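protein.tsv follows; it contains TSV, C-alpha atoms.
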```tsv
chain	number	residue	atom	x	y	z
A	1	MET	CA	-44.07	-77.12	184.69
A	2	THR	CA	-40.99	-75.68	182.97
A	3	THR	CA	-38.04	-73.98	184.63
A	4	TYR	CA	-37.95	-70.91	182.35
A	5	PHE	CA	-40.43	-68.85	180.36
A	6	SER	CA	-40.95	-69.90	176.76
A	7	VAL	CA	-40.35	-67.50	173.89
A	8	LYS	CA	-41.56	-68.40	170.41
A	9	PRO	CA	-39.04	-67.95	167.57
A	10	ALA	CA	-39.95	-65.25	165.08
A	11	ALA	CA	-40.91	-66.31	161.53
A	12	ALA	CA	-40.64	-70.03	162.36
A	13	GLY	CA	-40.81	-72.29	159.32
A	14	THR	CA	-39.79	-69.56	156.87
A	15	ALA	CA	-36.53	-68.39	155.32
A	16	SER	CA	-36.57	-65.46	157.79
A	17	VAL	CA	-36.57	-67.68	160.89
A	18	GLU	CA	-34.89	-66.22	163.97
A	19	CYS	CA	-31.47	-67.59	164.89
A	20	LEU	CA	-30.85	-69.17	168.30
A	21	SER	CA	-28.41	-66.48	169.47
A	22	SER	CA	-31.11	-63.85	168.88
A	23	LEU	CA	-33.69	-66.02	170.63
A	24	LEU	CA	-31.36	-66.44	173.63
A	25	HIS	CA	-31.19	-62.65	173.82
A	26	ARG	CA	-34.99	-62.40	173.98
A	27	LEU	CA	-35.16	-65.24	176.50
A	28	ALA	CA	-32.76	-63.32	178.72
A	29	VAL	CA	-34.83	-60.13	178.39
A	30	ALA	CA	-38.00	-62.06	179.28
A	31	HIS	CA	-36.34	-63.20	182.50
A	32	GLY	CA	-34.97	-59.74	183.33
A	33	VAL	CA	-31.31	-60.74	183.10
A	34	THR	CA	-28.44	-60.45	180.66
A	35	ARG	CA	-27.70	-63.26	178.24
A	36	HIS	CA	-24.55	-64.15	180.16
A	37	GLN	CA	-26.56	-64.46	183.38
A	38	PHE	CA	-29.20	-66.58	181.66
A	39	ILE	CA	-26.65	-69.02	180.21
A	40	THR	CA	-24.82	-69.19	183.55
A	41	HIS	CA	-28.05	-70.05	185.35
A	42	LEU	CA	-28.93	-72.62	182.67
A	43	ARG	CA	-25.50	-74.24	183.08
A	44	GLY	CA	-25.98	-74.50	186.84
A	45	TRP	CA	-29.49	-75.94	186.50
A	46	TRP	CA	-28.38	-78.43	183.84
A	47	ALA	CA	-25.45	-79.62	185.96
A	48	LYS	CA	-27.71	-80.05	188.99
A	49	GLN	CA	-30.44	-81.89	187.10
A	50	HIS	CA	-28.37	-84.09	184.77
A	51	GLN	CA	-24.76	-83.88	186.02
A	52	LYS	CA	-23.78	-82.79	182.52
A	53	HIS	CA	-21.57	-79.95	181.34
A	54	LEU	CA	-22.68	-77.06	179.16
A	55	PRO	CA	-20.01	-74.89	177.48
A	56	ARG	CA	-19.43	-71.56	179.20
A	57	CYS	CA	-17.65	-69.85	176.29
A	58	GLU	CA	-19.79	-67.18	174.65
A	59	GLU	CA	-17.70	-67.55	171.50
A	60	LEU	CA	-19.68	-70.76	170.96
A	61	ARG	CA	-21.50	-70.44	167.67
A	62	TRP	CA	-24.99	-71.15	168.98
A	63	ASP	CA	-26.48	-71.00	165.49
A	64	GLY	CA	-24.21	-73.68	164.01
A	65	TYR	CA	-24.19	-77.47	164.11
A	66	SER	CA	-21.47	-78.46	166.58
A	67	GLU	CA	-21.94	-81.03	169.35
A	68	ASN	CA	-22.03	-78.17	171.86
A	69	VAL	CA	-24.95	-76.63	169.98
A	70	ALA	CA	-26.80	-79.95	170.10
A	71	LEU	CA	-26.11	-80.17	173.84
A	72	GLY	CA	-27.35	-76.62	174.37
A	73	LEU	CA	-30.55	-77.40	172.45
A	74	ASN	CA	-31.16	-80.43	174.67
A	75	ALA	CA	-30.71	-78.30	177.78
A	76	LEU	CA	-33.11	-75.64	176.48
A	77	CYS	CA	-35.65	-78.29	175.52
A	78	ASP	CA	-35.57	-79.77	179.03
A	79	ALA	CA	-35.70	-76.39	180.75
A	80	ILE	CA	-38.30	-74.68	178.55
A	81	GLY	CA	-40.14	-77.54	176.87
A	82	ALA	CA	-39.55	-76.17	173.38
A	83	ASN	CA	-37.44	-77.46	170.51
A	84	TYR	CA	-35.36	-74.67	168.96
A	85	SER	CA	-33.34	-76.83	166.55
A	86	ASP	CA	-34.90	-75.09	163.52
A	87	CYS	CA	-33.18	-71.89	164.69
A	88	THR	CA	-29.78	-73.51	164.10
A	89	LEU	CA	-27.94	-75.56	161.48
A	90	VAL	CA	-27.80	-78.59	163.76
A	91	ALA	CA	-29.52	-80.69	161.06
A	92	LEU	CA	-26.17	-80.58	159.21
A	93	LYS	CA	-24.22	-82.00	162.18
A	94	ASP	CA	-23.41	-85.30	160.43
A	95	VAL	CA	-23.06	-83.76	156.98
A	96	CYS	CA	-20.66	-80.82	157.18
A	97	ALA	CA	-17.02	-80.61	158.27
A	98	ALA	CA	-16.32	-81.14	161.95
A	99	ASN	CA	-14.00	-78.10	162.06
A	100	TYR	CA	-17.11	-75.91	161.48
A	101	ILE	CA	-15.20	-73.68	159.06
A	102	GLY	CA	-17.49	-72.10	156.47
A	103	SER	CA	-20.60	-72.42	158.64
A	104	VAL	CA	-21.58	-69.36	160.72
A	105	LYS	CA	-19.92	-66.02	161.28
A	106	HIS	CA	-17.96	-65.02	164.36
A	107	TYR	CA	-19.74	-61.66	164.41
A	108	ARG	CA	-23.22	-60.27	163.96
A	109	ALA	CA	-24.47	-59.04	160.60
A	110	TRP	CA	-27.83	-57.46	159.91
A	111	CYS	CA	-30.03	-55.62	157.43
A	112	PRO	CA	-31.05	-52.17	158.78
A	113	ALA	CA	-34.22	-52.20	156.66
A	114	CYS	CA	-35.34	-55.51	158.20
A	115	TYR	CA	-34.84	-54.03	161.67
A	116	ARG	CA	-37.01	-51.07	160.67
A	117	ASP	CA	-39.72	-53.42	159.39
A	118	ASP	CA	-39.65	-55.40	162.64
A	119	LEU	CA	-40.06	-52.25	164.73
A	120	ALA	CA	-42.77	-50.83	162.44
A	121	ALA	CA	-44.74	-54.07	162.84
A	122	GLY	CA	-44.73	-53.57	166.61
A	123	GLY	CA	-42.44	-56.50	167.38
A	124	PRO	CA	-38.85	-56.73	168.57
A	125	ALA	CA	-36.03	-56.55	166.03
A	126	TYR	CA	-34.38	-59.94	165.70
A	127	ASP	CA	-31.47	-61.55	163.84
A	128	ARG	CA	-32.23	-63.98	161.04
A	129	LEU	CA	-30.50	-67.35	160.72
A	130	LEU	CA	-29.84	-66.36	157.11
A	131	TRP	CA	-27.58	-63.54	158.24
A	132	ARG	CA	-25.44	-65.87	160.36
A	133	ILE	CA	-24.24	-68.06	157.48
A	134	GLN	CA	-20.78	-67.08	156.28
A	135	ALA	CA	-21.73	-67.17	152.61
A	136	SER	CA	-24.66	-64.78	153.18
A	137	VAL	CA	-23.74	-61.19	152.26
A	138	ARG	CA	-27.02	-59.59	151.13
A	139	CYS	CA	-30.64	-59.21	152.22
A	140	SER	CA	-32.64	-60.37	149.22
A	141	LEU	CA	-35.82	-58.67	150.46
A	142	HIS	CA	-34.40	-55.14	150.60
A	143	ARG	CA	-31.39	-55.75	148.29
A	144	HIS	CA	-29.13	-54.40	150.97
A	145	ILE	CA	-25.62	-55.56	151.84
A	146	LEU	CA	-25.52	-56.92	155.37
A	147	VAL	CA	-23.86	-54.59	157.87
A	148	SER	CA	-21.59	-55.65	160.76
A	149	ASN	CA	-20.46	-52.29	162.20
A	150	CYS	CA	-22.37	-49.54	163.95
A	151	PRO	CA	-23.00	-46.59	161.58
A	152	TYR	CA	-22.24	-44.13	164.41
A	153	CYS	CA	-19.22	-45.38	166.35
A	154	GLY	CA	-18.00	-48.01	163.89
A	155	SER	CA	-17.78	-50.79	166.49
A	156	MET	CA	-18.43	-54.40	165.52
A	157	GLN	CA	-21.44	-55.95	167.23
A	158	LYS	CA	-20.76	-59.09	169.27
A	159	ASN	CA	-23.07	-62.01	169.94
A	160	ASP	CA	-22.74	-62.00	173.73
A	161	THR	CA	-24.33	-58.62	174.48
A	162	ALA	CA	-27.81	-58.65	175.99
A	163	SER	CA	-28.00	-55.46	178.02
A	164	ILE	CA	-29.93	-53.56	175.33
A	165	GLU	CA	-32.17	-54.35	172.36
A	166	LEU	CA	-30.63	-56.10	169.37
A	167	HIS	CA	-31.24	-53.08	167.15
A	168	ARG	CA	-29.12	-50.90	169.49
A	169	CYS	CA	-25.34	-50.63	169.33
A	170	SER	CA	-23.65	-52.49	172.17
A	171	SER	CA	-21.09	-49.65	172.48
A	172	CYS	CA	-22.90	-46.34	171.97
A	173	GLY	CA	-26.55	-47.37	172.20
A	174	GLN	CA	-27.50	-45.79	168.89
A	175	SER	CA	-29.95	-47.46	166.51
A	176	LEU	CA	-28.57	-50.04	164.06
A	177	ALA	CA	-31.69	-49.57	161.94
A	178	SER	CA	-30.50	-46.23	160.60
A	179	GLN	CA	-30.86	-45.53	156.91
A	180	ARG	CA	-27.70	-46.45	154.99
A	181	ASP	CA	-26.32	-44.74	151.90
A	182	LYS	CA	-26.67	-46.00	148.35
A	183	GLN	CA	-23.29	-47.72	148.28
A	184	ASN	CA	-24.82	-50.58	150.31
A	185	TYR	CA	-27.52	-51.21	147.69
A	186	ALA	CA	-26.93	-54.49	145.83
A	187	PRO	CA	-29.48	-55.08	143.03
A	188	ASN	CA	-28.17	-58.51	141.99
A	189	PRO	CA	-28.28	-61.72	144.07
A	190	SER	CA	-25.01	-62.74	145.69
A	191	PHE	CA	-23.35	-66.06	144.96
A	192	GLY	CA	-25.34	-68.94	146.47
A	193	GLU	CA	-28.09	-66.69	147.83
A	194	HIS	CA	-30.91	-68.82	146.42
A	195	GLN	CA	-29.34	-72.00	147.82
A	196	ILE	CA	-29.00	-70.50	151.31
A	197	HIS	CA	-32.66	-69.42	151.30
A	198	SER	CA	-33.76	-72.86	150.15
A	199	LEU	CA	-31.70	-74.56	152.85
A	200	ILE	CA	-32.97	-72.37	155.72
A	201	GLU	CA	-36.59	-72.65	154.60
A	202	SER	CA	-36.35	-76.45	154.39
A	203	LEU	CA	-34.52	-77.03	157.70
A	204	PRO	CA	-37.68	-78.20	159.56
A	205	ASN	CA	-38.17	-80.94	156.92
A	206	LEU	CA	-34.54	-82.02	156.62
A	207	SER	CA	-34.87	-85.02	158.92
A	208	GLN	CA	-33.91	-87.45	156.14
A	209	ILE	CA	-30.41	-86.53	154.96
A	210	ALA	CA	-28.42	-89.06	152.98
A	211	MET	CA	-25.13	-90.29	154.36
A	212	PHE	CA	-22.17	-88.55	152.68
A	213	PRO	CA	-24.46	-86.77	150.18
A	214	LEU	CA	-21.75	-84.77	148.40
A	215	GLN	CA	-19.53	-87.80	147.85
A	216	ARG	CA	-22.45	-89.80	146.46
A	217	PHE	CA	-23.54	-86.90	144.26
A	218	LEU	CA	-20.10	-86.41	142.72
A	219	SER	CA	-19.74	-90.16	142.19
A	220	SER	CA	-23.05	-90.30	140.28
A	221	VAL	CA	-22.95	-87.15	138.18
A	222	GLU	CA	-21.99	-87.69	134.54
A	223	VAL	CA	-19.61	-84.83	133.80
A	224	ASP	CA	-15.91	-84.35	133.26
A	225	MET	CA	-14.64	-84.60	136.84
A	226	GLY	CA	-11.24	-83.32	135.78
A	227	LYS	CA	-12.82	-79.97	134.92
A	228	VAL	CA	-14.83	-80.03	138.15
A	229	ALA	CA	-11.66	-80.62	140.17
A	230	ASP	CA	-9.97	-77.70	138.41
A	231	ASP	CA	-12.92	-75.41	139.12
A	232	LEU	CA	-13.78	-76.52	142.66
A	233	GLY	CA	-10.57	-78.06	143.97
A	234	ASP	CA	-9.64	-75.15	146.22
A	235	LEU	CA	-13.02	-75.36	147.95
A	236	PHE	CA	-12.28	-78.94	148.96
A	237	HIS	CA	-8.66	-78.40	149.96
A	238	HIS	CA	-7.71	-80.08	146.68
A	239	ARG	CA	-9.68	-83.25	147.41
A	240	THR	CA	-12.19	-84.26	144.76
A	241	TYR	CA	-14.44	-86.40	146.98
A	242	PRO	CA	-14.58	-85.05	150.54
A	243	ALA	CA	-16.72	-87.07	152.93
A	244	ARG	CA	-17.76	-84.10	155.07
A	245	PRO	CA	-17.41	-80.81	153.20
A	246	GLN	CA	-17.73	-77.28	154.47
A	247	LEU	CA	-21.15	-75.67	154.16
A	248	THR	CA	-19.72	-73.10	151.75
A	249	SER	CA	-18.50	-75.98	149.59
A	250	LEU	CA	-21.97	-77.53	149.51
A	251	ILE	CA	-23.39	-74.20	148.40
A	252	ALA	CA	-20.74	-73.79	145.71
A	253	VAL	CA	-21.35	-77.30	144.31
A	254	SER	CA	-25.12	-76.82	144.18
A	255	VAL	CA	-24.65	-73.53	142.32
A	256	TYR	CA	-22.00	-74.98	140.02
A	257	PHE	CA	-24.22	-77.91	138.96
A	258	GLU	CA	-27.40	-75.79	139.04
A	259	VAL	CA	-29.23	-78.11	141.44
A	260	ASP	CA	-31.14	-77.39	144.63
A	261	ILE	CA	-29.05	-77.88	147.76
A	262	VAL	CA	-31.96	-79.55	149.58
A	263	ASP	CA	-32.32	-82.12	146.77
A	264	LEU	CA	-28.57	-82.71	146.88
A	265	LEU	CA	-28.74	-83.46	150.62
A	266	SER	CA	-31.84	-85.67	150.56
A	267	ASP	CA	-31.44	-87.53	147.24
A	268	PRO	CA	-27.88	-87.17	145.88
A	269	GLU	CA	-28.10	-89.93	143.24
A	270	GLY	CA	-31.45	-88.75	141.90
A	271	THR	CA	-30.26	-85.16	141.85
A	272	ALA	CA	-27.12	-86.18	139.91
A	273	LYS	CA	-29.31	-87.59	137.13
A	274	ARG	CA	-31.09	-84.24	136.78
A	275	VAL	CA	-27.93	-82.16	136.35
A	276	PRO	CA	-28.48	-79.89	133.31
A	277	LEU	CA	-26.08	-79.58	130.41
A	278	GLY	CA	-23.49	-76.82	130.38
A	279	VAL	CA	-22.77	-76.83	134.09
A	280	GLY	CA	-19.99	-74.75	135.51
A	281	ARG	CA	-21.09	-71.35	134.24
A	282	ALA	CA	-22.53	-70.11	137.53
A	283	LEU	CA	-19.29	-69.84	139.48
A	284	PRO	CA	-17.81	-66.36	139.98
A	285	ASP	CA	-14.21	-65.60	139.15
A	286	ARG	CA	-12.02	-67.82	141.27
A	287	LYS	CA	-10.56	-66.09	144.26
A	288	ARG	CA	-8.44	-68.00	146.67
A	289	ARG	CA	-9.81	-67.53	150.16
A	290	PRO	CA	-7.47	-66.67	153.03
A	291	SER	CA	-8.86	-69.61	155.02
A	292	SER	CA	-7.63	-72.04	152.34
A	293	LEU	CA	-4.04	-70.80	152.39
A	294	ARG	CA	-1.22	-72.71	153.98
A	295	ARG	CA	-0.18	-71.62	157.46
A	296	GLU	CA	2.77	-69.50	156.28
A	297	GLU	CA	0.69	-67.83	153.56
A	298	ARG	CA	-2.19	-67.19	155.95
A	299	SER	CA	0.18	-65.61	158.49
A	300	ALA	CA	1.65	-63.39	155.78
A	301	TRP	CA	-1.87	-62.44	154.66
A	302	PHE	CA	-2.89	-61.57	158.23
A	303	GLU	CA	0.25	-59.48	158.72
A	304	GLN	CA	-0.61	-57.46	155.61
A	305	GLU	CA	-4.15	-56.98	156.95
A	306	LEU	CA	-2.68	-55.63	160.20
A	307	LEU	CA	-0.38	-53.24	158.35
A	308	GLN	CA	-3.25	-52.03	156.21
A	309	VAL	CA	-5.53	-51.25	159.15
A	310	LEU	CA	-2.67	-49.48	160.95
A	311	ARG	CA	-2.18	-47.22	157.91
A	312	SER	CA	-5.90	-46.49	157.64
A	313	ALA	CA	-7.90	-43.71	159.28
A	314	PRO	CA	-10.23	-44.09	162.30
A	315	PRO	CA	-12.41	-45.77	163.40
A	316	TYR	CA	-10.05	-48.55	164.49
A	317	PRO	CA	-11.31	-51.99	165.59
A	318	SER	CA	-10.17	-53.68	168.77
A	319	VAL	CA	-7.69	-56.53	168.30
A	320	ARG	CA	-10.37	-59.06	169.23
A	321	ASP	CA	-12.88	-57.62	166.75
A	322	PHE	CA	-10.21	-57.41	164.05
A	323	CYS	CA	-9.32	-61.10	164.51
A	324	ARG	CA	-12.96	-62.16	164.70
A	325	ALA	CA	-13.79	-60.45	161.41
A	326	ARG	CA	-10.93	-62.33	159.69
A	327	ASP	CA	-11.56	-65.67	161.40
A	328	PHE	CA	-8.06	-65.56	162.90
A	329	SER	CA	-7.12	-66.68	166.40
A	330	HIS	CA	-6.89	-63.79	168.86
A	331	HIS	CA	-4.18	-65.57	170.83
A	332	ALA	CA	-2.19	-66.39	167.68
A	333	ALA	CA	-2.28	-62.73	166.66
A	334	TRP	CA	-0.79	-61.59	169.97
A	335	SER	CA	1.76	-64.41	169.95
A	336	ASN	CA	3.00	-64.06	166.35
A	337	PHE	CA	2.52	-60.32	165.74
A	338	SER	CA	2.89	-58.81	169.20
A	339	SER	CA	4.34	-55.50	167.97
A	340	LEU	CA	1.64	-54.88	165.35
A	341	THR	CA	-1.23	-55.98	167.58
A	342	ARG	CA	0.08	-53.75	170.38
A	343	LYS	CA	0.11	-50.79	167.98
A	344	LEU	CA	-3.44	-51.57	166.88
A	345	SER	CA	-4.55	-51.84	170.50
A	346	CYS	CA	-2.99	-48.45	171.28
A	347	LYS	CA	-4.61	-46.84	168.25
A	348	TYR	CA	-7.97	-48.36	169.19
A	349	HIS	CA	-7.89	-47.13	172.79
A	350	GLU	CA	-6.62	-43.70	171.74
A	351	TRP	CA	-9.44	-43.39	169.22
A	352	LYS	CA	-12.01	-44.63	171.76
A	353	ASN	CA	-10.84	-42.05	174.29
A	354	GLN	CA	-11.01	-39.26	171.71
A	355	GLU	CA	-14.45	-40.45	170.65
A	356	ALA	CA	-15.63	-40.59	174.26
A	357	THR	CA	-14.41	-37.03	174.86
A	358	ARG	CA	-16.11	-35.79	171.69
A	359	LEU	CA	-19.43	-37.44	172.58
A	360	ARG	CA	-19.22	-36.15	176.14
A	361	ARG	CA	-18.84	-32.59	174.85
A	362	LYS	CA	-21.78	-33.05	172.49
A	363	ALA	CA	-23.89	-34.41	175.35
A	364	ILE	CA	-23.02	-31.40	177.52
A	365	SER	CA	-24.00	-29.04	174.70
A	366	ALA	CA	-27.27	-30.91	174.16
A	367	ILE	CA	-28.13	-30.82	177.89
A	368	ARG	CA	-27.51	-27.06	177.97
A	369	ALA	CA	-29.58	-26.49	174.82
A	370	LEU	CA	-32.47	-28.57	176.19
A	371	HIS	CA	-32.28	-27.25	179.74
A	372	ALA	CA	-35.68	-25.57	179.55
A	373	LYS	CA	-37.33	-28.82	178.50
A	374	ARG	CA	-35.88	-30.86	181.37
A	375	SER	CA	-38.64	-29.94	183.82
A	376	GLN	CA	-41.37	-30.76	181.28
A	377	VAL	CA	-40.57	-34.45	180.76
A	378	THR	CA	-39.47	-37.39	182.86
A	379	GLU	CA	-35.77	-38.02	183.41
A	380	ARG	CA	-35.89	-41.14	181.28
A	381	GLU	CA	-37.48	-39.26	178.38
A	382	PHE	CA	-35.00	-36.42	178.74
A	383	VAL	CA	-32.09	-38.88	178.62
A	384	ARG	CA	-33.53	-40.41	175.44
A	385	ILE	CA	-33.84	-36.99	173.77
A	386	VAL	CA	-30.26	-36.03	174.67
A	387	VAL	CA	-28.92	-39.39	173.46
A	388	GLU	CA	-30.68	-39.03	170.10
A	389	ARG	CA	-29.44	-35.48	169.61
A	390	SER	CA	-25.84	-35.97	170.74
A	391	GLY	CA	-25.14	-39.59	169.84
A	392	ALA	CA	-23.57	-40.13	173.28
A	393	PRO	CA	-24.10	-43.41	175.19
A	394	VAL	CA	-26.94	-43.55	177.70
A	395	HIS	CA	-24.64	-44.07	180.70
A	396	VAL	CA	-22.62	-40.95	179.80
A	397	VAL	CA	-25.74	-38.79	179.63
A	398	ARG	CA	-27.03	-40.15	182.94
A	399	SER	CA	-23.66	-39.53	184.57
A	400	LEU	CA	-23.64	-35.90	183.38
A	401	LEU	CA	-27.19	-35.34	184.63
A	402	ARG	CA	-26.33	-36.75	188.07
A	403	SER	CA	-23.30	-34.48	188.35
A	404	SER	CA	-25.10	-31.37	187.16
```
Translate the structure described by the file into structure tokens.
Amino acid sequence: MTTYFSVKPAAAGTASVECLSSLLHRLAVAHGVTRHQFITHLRGWWAKQHQKHLPRCEELRWDGYSENVALGLNALCDAIGANYSDCTLVALKDVCAANYIGSVKHYRAWCPACYRDDLAAGGPAYDRLLWRIQASVRCSLHRHILVSNCPYCGSMQKNDTASIELHRCSSCGQSLASQRDKQNYAPNPSFGEHQIHSLIESLPNLSQIAMFPLQRFLSSVEVDMGKVADDLGDLFHHRTYPARPQLTSLIAVSVYFEVDIVDLLSDPEGTAKRVPLGVGRALPDRKRRPSSLRREERSAWFEQELLQVLRSAPPYPSVRDFCRARDFSHHAAWSNFSSLTRKLSCKYHEWKNQEATRLRRKAISAIRALHAKRSQVTEREFVRIVVERSGAPVHVVRSLLRSS
């Protein structure tokens, strides 16, 4: 007998497999609690049963390959009796860099069209593991750029919210499956898209990964390594033969040499012999990433990002969301740029207050316009109608109805 209910991952064994953070959300819903409450209870049960510690921080990237992810998978397996490792990148634990840079995003990203398909099929909308990888920027099925902000209130969606469905905004409650405009249509595949799909689809069969596959591949391939170092050096922090590269580096190398990333991981020497002629044409124009800059350059880059967002128009992000989107430490931002971060925080709260006032007025107008219909439907249905018409959060509408 297991301690918790079991929930089966959506699209298991395919490139559209559900990520663990999404599955944790559905596990929490199945038990009638929030995700935070579920993880807290799991931590207490695990400590009582095994005298072991589970991380409490919800910033933990549950979909990645860290030791904490492996520990969390063990706890879930003991408590539920199901192995959810295929919903994460834990198979790459001994392959990719231990700093976990270039693995999974700090924030949620989704395809609105995929959410609509999930709901139309009668199932819950869920987040794909594909969307969590940092190098993933497009949904290949709908040719839609992945979205990370609510189309109504502009807020970034976090991974630790479990009070409402995944296709609802954690701030305003509006649908994240709304139709987007044409500027988000991307007809051509993004860089490394095919490699990411191949990797996710093959995760259940990636039990045999060669030791130091990238190092062995680069040592066996018969090409001008001087040119390779010039083209790919910045991806490896200017080291030609890294023992444990970033996931984004693995993707870039597989694209550069036109080989399958799964073959590179499982048989690096054999894959090196099959490298086609004329490699190196698949890389996009080189663009130095902020994460590869030296500390002083990265600080200067972040300061310019802060100045740019302060000069922009609403909606403004919170300081935490702003830092998360740029993979920059929240504490370092407040410590090194206290004046700018304070200004951003003030602008954010001022905009949120103005937005709350605007939505409250719209909700009042909608309630007055629909007054005659209030006696014809249940209170829950009436709240839903007002929310859809006004765009106001559910709790605001309920508060207005109670006070009326």
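What separates atom CA of Arg326 of chain A from atom CA of Asn184 of chain A is a distance of 20.5 Å.
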Nearest candidate to Val387 of chain A (options A:Ser175, A:Ala372, A:Leu129, A:Thr341; using all atoms listed in the file):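 Closest residue, counting all atoms listed in the file: A:Ser175.
Using all atoms listed in the file, the shortest contact distance between Trp46 of chain A and any of A:Ile385, A:Cys323, A:Leu265, A:Ala75 is found at A:Ala75.
With atom CA of Glu222 of chain A on one side and atom CA of Ile251 of chain A on the other, the separation reads 19.4 Å.
Once Ser103 of chain A and its same-chain neighbours fewer than 6 positions away are set aside, Ile133, Gln134 and Leu247 of chain A remain within 6 Å of it when counting all atoms listed in the file.
Computed from the coordinates, the atom CA of Phe322 of chain A to atom CA of Trp301 of chain A distance equals 13.5 Å.
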Within 10 Å of (-12.8, -55.5, 172.1) (coordinates as in the file), grab all the protein and nucleic acid residues, counting all atoms listed in the file, and write them out as a list of chain:residue names.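 Residues satisfying the cut-off, written out: A:Ser155, A:Met156, A:Gln157, A:Lys158, A:Pro317, A:Ser318, A:Val319, A:Arg320, A:Asp321, A:Phe322, A:Arg324, A:Ser345, A:Tyr348, A:His349.
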Contacts of Gly154 of chain A at 12 Å or less, counting only C-alpha atoms, minus same-chain residues fewer than 3 places along, as a list in words? Val147, Ser148, Asn149, Cys150, Pro151, Gln157, Cys169, Ser170, Ser171, Cys172, Gly173, Gln174, Leu176, Ala313, Pro314, Pro315, Tyr316, Pro317, Ser318, Asp321, Tyr348, Trp351, Lys352 and Glu355 of chain A
Take the residues from that selection and put them in a file with C-alpha atoms, as a compact mmCIF listing (two decimals), keeping the file's coordinate frame.
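Written out: again-v4.txt:
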```
# COMPACT_ATOMS: atom_id res chain seq x y z
CA VAL A 147 -23.86 -54.59 157.87
CA SER A 148 -21.59 -55.65 160.76
CA ASN A 149 -20.46 -52.29 162.20
CA CYS A 150 -22.37 -49.54 163.95
CA PRO A 151 -23.00 -46.59 161.58
CA GLN A 157 -21.44 -55.95 167.23
CA CYS A 169 -25.34 -50.63 169.33
CA SER A 170 -23.65 -52.49 172.17
CA SER A 171 -21.09 -49.65 172.48
CA CYS A 172 -22.90 -46.34 171.97
CA GLY A 173 -26.55 -47.37 172.20
CA GLN A 174 -27.50 -45.79 168.89
CA LEU A 176 -28.57 -50.04 164.06
CA ALA A 313 -7.90 -43.71 159.28
CA PRO A 314 -10.23 -44.09 162.30
CA PRO A 315 -12.41 -45.77 163.40
CA TYR A 316 -10.05 -48.55 164.49
CA PRO A 317 -11.31 -51.99 165.59
CA SER A 318 -10.17 -53.68 168.77
CA ASP A 321 -12.88 -57.62 166.75
CA TYR A 348 -7.97 -48.36 169.19
CA TRP A 351 -9.44 -43.39 169.22
CA LYS A 352 -12.01 -44.63 171.76
CA GLU A 355 -14.45 -40.45 170.65
```
Using only C-alpha atoms, find all polymer residues with an atom at most 10 Å away from the point (-19.7, -65.3, 153.8); report them as a short mmCIF file (atom, residue, chain, number, x, y, z; two decimals) with C-alpha atoms, keeping the file's coordinate frame.
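The result, written out as point-v6.cif:
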```
data_model
loop_
_atom_site.label_atom_id
_atom_site.label_comp_id
_atom_site.auth_asym_id
_atom_site.auth_seq_id
_atom_site.Cartn_x
_atom_site.Cartn_y
_atom_site.Cartn_z
CA GLY A 102 -17.49 -72.10 156.47
CA SER A 103 -20.60 -72.42 158.64
CA VAL A 104 -21.58 -69.36 160.72
CA LYS A 105 -19.92 -66.02 161.28
CA TRP A 131 -27.58 -63.54 158.24
CA ARG A 132 -25.44 -65.87 160.36
CA ILE A 133 -24.24 -68.06 157.48
CA GLN A 134 -20.78 -67.08 156.28
CA ALA A 135 -21.73 -67.17 152.61
CA SER A 136 -24.66 -64.78 153.18
CA VAL A 137 -23.74 -61.19 152.26
CA ARG A 138 -27.02 -59.59 151.13
CA PHE A 191 -23.35 -66.06 144.96
CA GLY A 192 -25.34 -68.94 146.47
CA THR A 248 -19.72 -73.10 151.75
#
```
Name the closest residue to Val259 of chain A among the candidates A:Tyr84, A:Phe212, A:Phe38, A:Phe217; distances are taken between atoms, counting only C-alpha atoms.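 Closest to Val259 of chain A, using only C-alpha atoms: A:Phe217.
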Could you list, as a ChimeraX atom specification, every residue within 10 Å of Tyr126 of chain A, counting only C-alpha atoms and ignoring same-chain residues fewer than 5 positions away? /A:9-10,16-19,21-23,25-26,110,114-115,118-119,165-167
Would you output that residue set with C-alpha atoms, as a PDB file, in the coordinates of the input?
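Resulting contents of part-v6.pdb:
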```pdb
ATOM      1  CA  PRO A   9     -39.040 -67.950 167.570  1.00  0.00           C
ATOM      2  CA  ALA A  10     -39.950 -65.250 165.080  1.00  0.00           C
ATOM      3  CA  SER A  16     -36.570 -65.460 157.790  1.00  0.00           C
ATOM      4  CA  VAL A  17     -36.570 -67.680 160.890  1.00  0.00           C
ATOM      5  CA  GLU A  18     -34.890 -66.220 163.970  1.00  0.00           C
ATOM      6  CA  CYS A  19     -31.470 -67.590 164.890  1.00  0.00           C
ATOM      7  CA  SER A  21     -28.410 -66.480 169.470  1.00  0.00           C
ATOM      8  CA  SER A  22     -31.110 -63.850 168.880  1.00  0.00           C
ATOM      9  CA  LEU A  23     -33.690 -66.020 170.630  1.00  0.00           C
ATOM     10  CA  HIS A  25     -31.190 -62.650 173.820  1.00  0.00           C
ATOM     11  CA  ARG A  26     -34.990 -62.400 173.980  1.00  0.00           C
ATOM     12  CA  TRP A 110     -27.830 -57.460 159.910  1.00  0.00           C
ATOM     13  CA  CYS A 114     -35.340 -55.510 158.200  1.00  0.00           C
ATOM     14  CA  TYR A 115     -34.840 -54.030 161.670  1.00  0.00           C
ATOM     15  CA  ASP A 118     -39.650 -55.400 162.640  1.00  0.00           C
ATOM     16  CA  LEU A 119     -40.060 -52.250 164.730  1.00  0.00           C
ATOM     17  CA  GLU A 165     -32.170 -54.350 172.360  1.00  0.00           C
ATOM     18  CA  LEU A 166     -30.630 -56.100 169.370  1.00  0.00           C
ATOM     19  CA  HIS A 167     -31.240 -53.080 167.150  1.00  0.00           C
TER      20      HIS A 167
END
```
